[in-house]
Amino acid sequence: MNIMQCSLCKKPFQSYGGKICGECLVKLDEDFIKVRDYLDDHKNAGFEKITEDTGVPKQSILHLLKDGRLIIEDPEATGILLCEVCKKPISTGRMCKDCKNSVANTMQKNIDIRKPQAVPQNDSPSFKGAAKVNNR
């Protein structure tokens with residue numbers, strides 16, 4: 001357990017691994033429900049219109065997008081959410097597919113490099129030369 005600063009409200013809180021305090025998590029869930037319900041009735045609503053009509057702060061909507069709970073239909077048209085690596089417009093998450101694949105490949109290569117090589121083992125021991133029993 002660590003004392004962390006909430007990434008949304010900036011208040012300190014006791015964290016068990018998360019970056020958001022309990023109060024903000026509850027608020028974020030409420031905001032998600034508001035936005036989801038609003039988008040059910042207003043499919044083509046823009047970012048500004050959603051924040052204006054629902055009262056949900058832009059920061060919360062961005063967090064929901066980065067968390068994968070909301071998806072932008074046409075990311076190139078809005079430019080709201082950008083890949084954190086290459087800065088291309090994306091529809092949800094933090095990275096575009098190309099950057100995710102690149103990171104995954106790099107990680108896999110690092111795992112493969114560190115993986116111990118298996119030593120082949122025979123079922124029976126082999127001896128070079130003759131073997132004899134030592135009778136003492």
# chains A, B, ... in the order shown; residues from 1 in each chain; ligands from 1
>>> residues_around(residues="A:Ser15", least_positions_apart="3", cutoff="8 Å", atoms="only C-alpha atoms", output="list in words")
Met1, Asn2, Ile3, Met4, Gly18, Lys19 and Cys21 of chain A
>>> residues_around(residues="stretch 91-108 of chain A", least_positions_apart="2", cutoff="6 Å", atoms="only C-alpha atoms", output="list in words")
Leu65, Lys66, Asp67, Gly68, Ile71, Ile72, Pro75, Cys83, Glu84, Asn110 and Ile111 of chain A
>>> write_last_selection(atoms="N, CA and C atoms", output="PDB file, in the first residue's frame")
ATOM      1  N   LEU A  65     -11.733   7.426 -22.770  1.00  0.00           N
ATOM      2  CA  LEU A  65     -11.215   7.036 -24.088  1.00  0.00           C
ATOM      3  C   LEU A  65      -9.899   6.273 -23.942  1.00  0.00           C
ATOM      4  N   LYS A  66      -8.988   6.796 -23.136  1.00  0.00           N
ATOM      5  CA  LYS A  66      -7.688   6.153 -22.950  1.00  0.00           C
ATOM      6  C   LYS A  66      -7.821   4.803 -22.244  1.00  0.00           C
ATOM      7  N   ASP A  67      -8.842   4.693 -21.421  1.00  0.00           N
ATOM      8  CA  ASP A  67      -9.086   3.454 -20.686  1.00  0.00           C
ATOM      9  C   ASP A  67      -9.795   2.408 -21.543  1.00  0.00           C
ATOM     10  N   GLY A  68     -10.234   2.820 -22.739  1.00  0.00           N
ATOM     11  CA  GLY A  68     -10.895   1.891 -23.650  1.00  0.00           C
ATOM     12  C   GLY A  68     -12.382   1.725 -23.397  1.00  0.00           C
ATOM     13  N   ILE A  71     -15.118   4.851 -27.449  1.00  0.00           N
ATOM     14  CA  ILE A  71     -14.417   4.747 -28.734  1.00  0.00           C
ATOM     15  C   ILE A  71     -14.849   5.895 -29.636  1.00  0.00           C
ATOM     16  N   ILE A  72     -13.888   6.515 -30.309  1.00  0.00           N
ATOM     17  CA  ILE A  72     -14.165   7.561 -31.293  1.00  0.00           C
ATOM     18  C   ILE A  72     -14.374   6.877 -32.640  1.00  0.00           C
ATOM     19  N   PRO A  75     -11.415   8.840 -35.724  1.00  0.00           N
ATOM     20  CA  PRO A  75     -10.348   9.541 -35.010  1.00  0.00           C
ATOM     21  C   PRO A  75      -9.601  10.573 -35.849  1.00  0.00           C
ATOM     22  N   CYS A  83      -1.968   8.780 -30.409  1.00  0.00           N
ATOM     23  CA  CYS A  83      -1.066   7.736 -29.938  1.00  0.00           C
ATOM     24  C   CYS A  83       0.044   8.401 -29.125  1.00  0.00           C
ATOM     25  N   GLU A  84       0.331   7.849 -27.952  1.00  0.00           N
ATOM     26  CA  GLU A  84       1.343   8.450 -27.087  1.00  0.00           C
ATOM     27  C   GLU A  84       2.761   8.242 -27.609  1.00  0.00           C
ATOM     28  N   ASN A 110      12.962  -9.320 -25.891  1.00  0.00           N
ATOM     29  CA  ASN A 110      13.666  -9.241 -24.609  1.00  0.00           C
ATOM     30  C   ASN A 110      13.406 -10.476 -23.758  1.00  0.00           C
ATOM     31  N   ILE A 111      12.198 -10.983 -23.802  1.00  0.00           N
ATOM     32  CA  ILE A 111      11.875 -12.203 -23.057  1.00  0.00           C
ATOM     33  C   ILE A 111      12.651 -13.376 -23.629  1.00  0.00           C
TER      34      ILE A 111
END
>>> closest_atom_pairs(of="stretch 59-128 of chain A", to="stretch 34-38 of chain A", cutoff="10 Å", atoms="only C-alpha atoms", output="JSON lines")
{"residue": "A:Ile61", "atom": "CA", "partner": "A:Val35", "partner_atom": "CA", "distance": 8.1}
{"residue": "A:Leu64", "atom": "CA", "partner": "A:Val35", "partner_atom": "CA", "distance": 9.8}
{"residue": "A:Arg69", "atom": "CA", "partner": "A:Arg36", "partner_atom": "CA", "distance": 9.4}
{"residue": "A:Leu70", "atom": "CA", "partner": "A:Arg36", "partner_atom": "CA", "distance": 8.1}
>>> select_by_dssp(residues="stretch 9-58 of chain A", states="strand (DSSP E or B)", output="MDAnalysis selection string")
chainID A and resid 12:15
>>> write_last_selection(atoms="C-alpha atoms", output="mmCIF file, in the first residue's frame")
data_model
loop_
_atom_site.group_PDB
_atom_site.id
_atom_site.type_symbol
_atom_site.label_atom_id
_atom_site.label_comp_id
_atom_site.auth_asym_id
_atom_site.auth_seq_id
_atom_site.Cartn_x
_atom_site.Cartn_y
_atom_site.Cartn_z
ATOM 1 C CA PRO A 12 -3.313 12.091 -2.003
ATOM 2 C CA PHE A 13 -4.875 8.683 -1.335
ATOM 3 C CA GLN A 14 -3.905 5.181 -0.208
ATOM 4 C CA SER A 15 -3.376 3.133 -3.340
#
>>> closest_residue(among="A:Ala77, A:Leu62, A:Cys86, A:Val56", to="A:Lys27", atoms="only C-alpha atoms")
A:Val56
>>> select_by_dssp(residues="stretch 2-134 of chain A", states="alpha helix (DSSP H)", output="number ranges by chain")
A: 22-41, 47-54, 58-66, 75-78, 97-114
>>> decode(residues="stretch 35-133 of chain A", atoms="C-alpha atoms", output="PDB file, in the first residue's frame")
ATOM      1  CA  VAL A  35     -21.922   9.763 -21.670  1.00  0.00           C
ATOM      2  CA  ARG A  36     -22.980   6.250 -22.717  1.00  0.00           C
ATOM      3  CA  ASP A  37     -26.657   7.107 -22.288  1.00  0.00           C
ATOM      4  CA  TYR A  38     -26.202  10.424 -24.110  1.00  0.00           C
ATOM      5  CA  LEU A  39     -24.444   8.714 -27.031  1.00  0.00           C
ATOM      6  CA  ASP A  40     -27.279   6.184 -27.313  1.00  0.00           C
ATOM      7  CA  ASP A  41     -29.541   9.095 -28.305  1.00  0.00           C
ATOM      8  CA  HIS A  42     -26.948  11.325 -30.039  1.00  0.00           C
ATOM      9  CA  LYS A  43     -24.727   8.979 -32.067  1.00  0.00           C
ATOM     10  CA  ASN A  44     -22.851  11.671 -33.999  1.00  0.00           C
ATOM     11  CA  ALA A  45     -22.336  14.141 -31.158  1.00  0.00           C
ATOM     12  CA  GLY A  46     -18.942  15.824 -31.066  1.00  0.00           C
ATOM     13  CA  PHE A  47     -16.602  16.120 -28.105  1.00  0.00           C
ATOM     14  CA  GLU A  48     -17.610  19.683 -27.223  1.00  0.00           C
ATOM     15  CA  LYS A  49     -21.329  18.912 -27.532  1.00  0.00           C
ATOM     16  CA  ILE A  50     -21.005  15.861 -25.254  1.00  0.00           C
ATOM     17  CA  THR A  51     -19.240  17.855 -22.533  1.00  0.00           C
ATOM     18  CA  GLU A  52     -21.694  20.736 -22.879  1.00  0.00           C
ATOM     19  CA  ASP A  53     -24.869  18.611 -22.781  1.00  0.00           C
ATOM     20  CA  THR A  54     -23.806  16.081 -20.138  1.00  0.00           C
ATOM     21  CA  GLY A  55     -21.722  18.292 -17.868  1.00  0.00           C
ATOM     22  CA  VAL A  56     -18.988  15.631 -17.924  1.00  0.00           C
ATOM     23  CA  PRO A  57     -15.547  17.291 -17.896  1.00  0.00           C
ATOM     24  CA  LYS A  58     -13.281  16.836 -20.915  1.00  0.00           C
ATOM     25  CA  GLN A  59     -10.648  15.280 -18.657  1.00  0.00           C
ATOM     26  CA  SER A  60     -13.084  12.501 -17.669  1.00  0.00           C
ATOM     27  CA  ILE A  61     -14.040  11.784 -21.277  1.00  0.00           C
ATOM     28  CA  LEU A  62     -10.365  11.626 -22.275  1.00  0.00           C
ATOM     29  CA  HIS A  63      -9.700   9.236 -19.408  1.00  0.00           C
ATOM     30  CA  LEU A  64     -12.604   7.021 -20.527  1.00  0.00           C
ATOM     31  CA  LEU A  65     -11.215   7.036 -24.088  1.00  0.00           C
ATOM     32  CA  LYS A  66      -7.688   6.153 -22.950  1.00  0.00           C
ATOM     33  CA  ASP A  67      -9.086   3.454 -20.686  1.00  0.00           C
ATOM     34  CA  GLY A  68     -10.895   1.891 -23.650  1.00  0.00           C
ATOM     35  CA  ARG A  69     -14.391   2.452 -22.252  1.00  0.00           C
ATOM     36  CA  LEU A  70     -15.330   4.868 -25.045  1.00  0.00           C
ATOM     37  CA  ILE A  71     -14.417   4.747 -28.734  1.00  0.00           C
ATOM     38  CA  ILE A  72     -14.165   7.561 -31.293  1.00  0.00           C
ATOM     39  CA  GLU A  73     -15.800   6.541 -34.573  1.00  0.00           C
ATOM     40  CA  ASP A  74     -13.607   8.722 -36.829  1.00  0.00           C
ATOM     41  CA  PRO A  75     -10.348   9.541 -35.010  1.00  0.00           C
ATOM     42  CA  GLU A  76      -8.768  11.287 -38.021  1.00  0.00           C
ATOM     43  CA  ALA A  77     -11.631  13.787 -38.187  1.00  0.00           C
ATOM     44  CA  THR A  78     -11.500  14.728 -34.509  1.00  0.00           C
ATOM     45  CA  GLY A  79      -7.823  14.503 -33.586  1.00  0.00           C
ATOM     46  CA  ILE A  80      -8.882  14.364 -29.924  1.00  0.00           C
ATOM     47  CA  LEU A  81      -6.956  11.252 -28.958  1.00  0.00           C
ATOM     48  CA  LEU A  82      -3.405  10.710 -30.202  1.00  0.00           C
ATOM     49  CA  CYS A  83      -1.066   7.736 -29.938  1.00  0.00           C
ATOM     50  CA  GLU A  84       1.343   8.450 -27.087  1.00  0.00           C
ATOM     51  CA  VAL A  85       4.255   7.126 -29.170  1.00  0.00           C
ATOM     52  CA  CYS A  86       3.837   8.314 -32.782  1.00  0.00           C
ATOM     53  CA  LYS A  87       1.068  10.943 -32.306  1.00  0.00           C
ATOM     54  CA  LYS A  88      -1.282   9.443 -34.947  1.00  0.00           C
ATOM     55  CA  PRO A  89      -5.011   9.901 -34.230  1.00  0.00           C
ATOM     56  CA  ILE A  90      -6.503   6.828 -32.527  1.00  0.00           C
ATOM     57  CA  SER A  91     -10.037   5.800 -31.578  1.00  0.00           C
ATOM     58  CA  THR A  92      -9.362   4.425 -28.081  1.00  0.00           C
ATOM     59  CA  GLY A  93      -6.543   3.441 -25.737  1.00  0.00           C
ATOM     60  CA  ARG A  94      -3.087   4.947 -25.548  1.00  0.00           C
ATOM     61  CA  MET A  95      -1.296   3.597 -28.631  1.00  0.00           C
ATOM     62  CA  CYS A  96      -2.098   2.844 -32.256  1.00  0.00           C
ATOM     63  CA  LYS A  97      -1.978  -0.759 -33.500  1.00  0.00           C
ATOM     64  CA  ASP A  98       1.444  -0.302 -35.124  1.00  0.00           C
ATOM     65  CA  CYS A  99       3.020   1.035 -31.931  1.00  0.00           C
ATOM     66  CA  LYS A 100       1.337  -1.648 -29.789  1.00  0.00           C
ATOM     67  CA  ASN A 101       2.734  -4.321 -32.111  1.00  0.00           C
ATOM     68  CA  SER A 102       6.179  -2.738 -32.048  1.00  0.00           C
ATOM     69  CA  VAL A 103       6.213  -2.619 -28.239  1.00  0.00           C
ATOM     70  CA  ALA A 104       4.908  -6.204 -28.021  1.00  0.00           C
ATOM     71  CA  ASN A 105       7.596  -7.434 -30.448  1.00  0.00           C
ATOM     72  CA  THR A 106      10.333  -5.638 -28.521  1.00  0.00           C
ATOM     73  CA  MET A 107       9.098  -7.114 -25.261  1.00  0.00           C
ATOM     74  CA  GLN A 108       8.925 -10.604 -26.778  1.00  0.00           C
ATOM     75  CA  LYS A 109      12.496 -10.292 -28.083  1.00  0.00           C
ATOM     76  CA  ASN A 110      13.666  -9.241 -24.609  1.00  0.00           C
ATOM     77  CA  ILE A 111      11.875 -12.203 -23.057  1.00  0.00           C
ATOM     78  CA  ASP A 112      13.398 -14.575 -25.613  1.00  0.00           C
ATOM     79  CA  ILE A 113      16.898 -13.199 -24.970  1.00  0.00           C
ATOM     80  CA  ARG A 114      16.562 -13.684 -21.207  1.00  0.00           C
ATOM     81  CA  LYS A 115      14.934 -17.101 -21.423  1.00  0.00           C
ATOM     82  CA  PRO A 116      17.422 -19.760 -20.262  1.00  0.00           C
ATOM     83  CA  GLN A 117      18.366 -22.222 -22.964  1.00  0.00           C
ATOM     84  CA  ALA A 118      17.311 -25.778 -22.154  1.00  0.00           C
ATOM     85  CA  VAL A 119      20.140 -28.280 -21.832  1.00  0.00           C
ATOM     86  CA  PRO A 120      19.259 -31.489 -23.650  1.00  0.00           C
ATOM     87  CA  GLN A 121      19.089 -34.441 -21.306  1.00  0.00           C
ATOM     88  CA  ASN A 122      19.238 -38.091 -22.205  1.00  0.00           C
ATOM     89  CA  ASP A 123      17.173 -40.705 -20.448  1.00  0.00           C
ATOM     90  CA  SER A 124      20.285 -42.681 -19.563  1.00  0.00           C
ATOM     91  CA  PRO A 125      23.733 -41.406 -18.725  1.00  0.00           C
ATOM     92  CA  SER A 126      26.398 -41.895 -21.347  1.00  0.00           C
ATOM     93  CA  PHE A 127      30.029 -42.515 -20.652  1.00  0.00           C
ATOM     94  CA  LYS A 128      32.996 -41.920 -22.859  1.00  0.00           C
ATOM     95  CA  GLY A 129      35.280 -44.840 -22.748  1.00  0.00           C
ATOM     96  CA  ALA A 130      34.814 -47.971 -20.683  1.00  0.00           C
ATOM     97  CA  ALA A 131      33.002 -48.031 -17.393  1.00  0.00           C
ATOM     98  CA  LYS A 132      33.747 -50.525 -14.665  1.00  0.00           C
ATOM     99  CA  VAL A 133      32.532 -51.167 -11.162  1.00  0.00           C
TER     100      VAL A 133
END
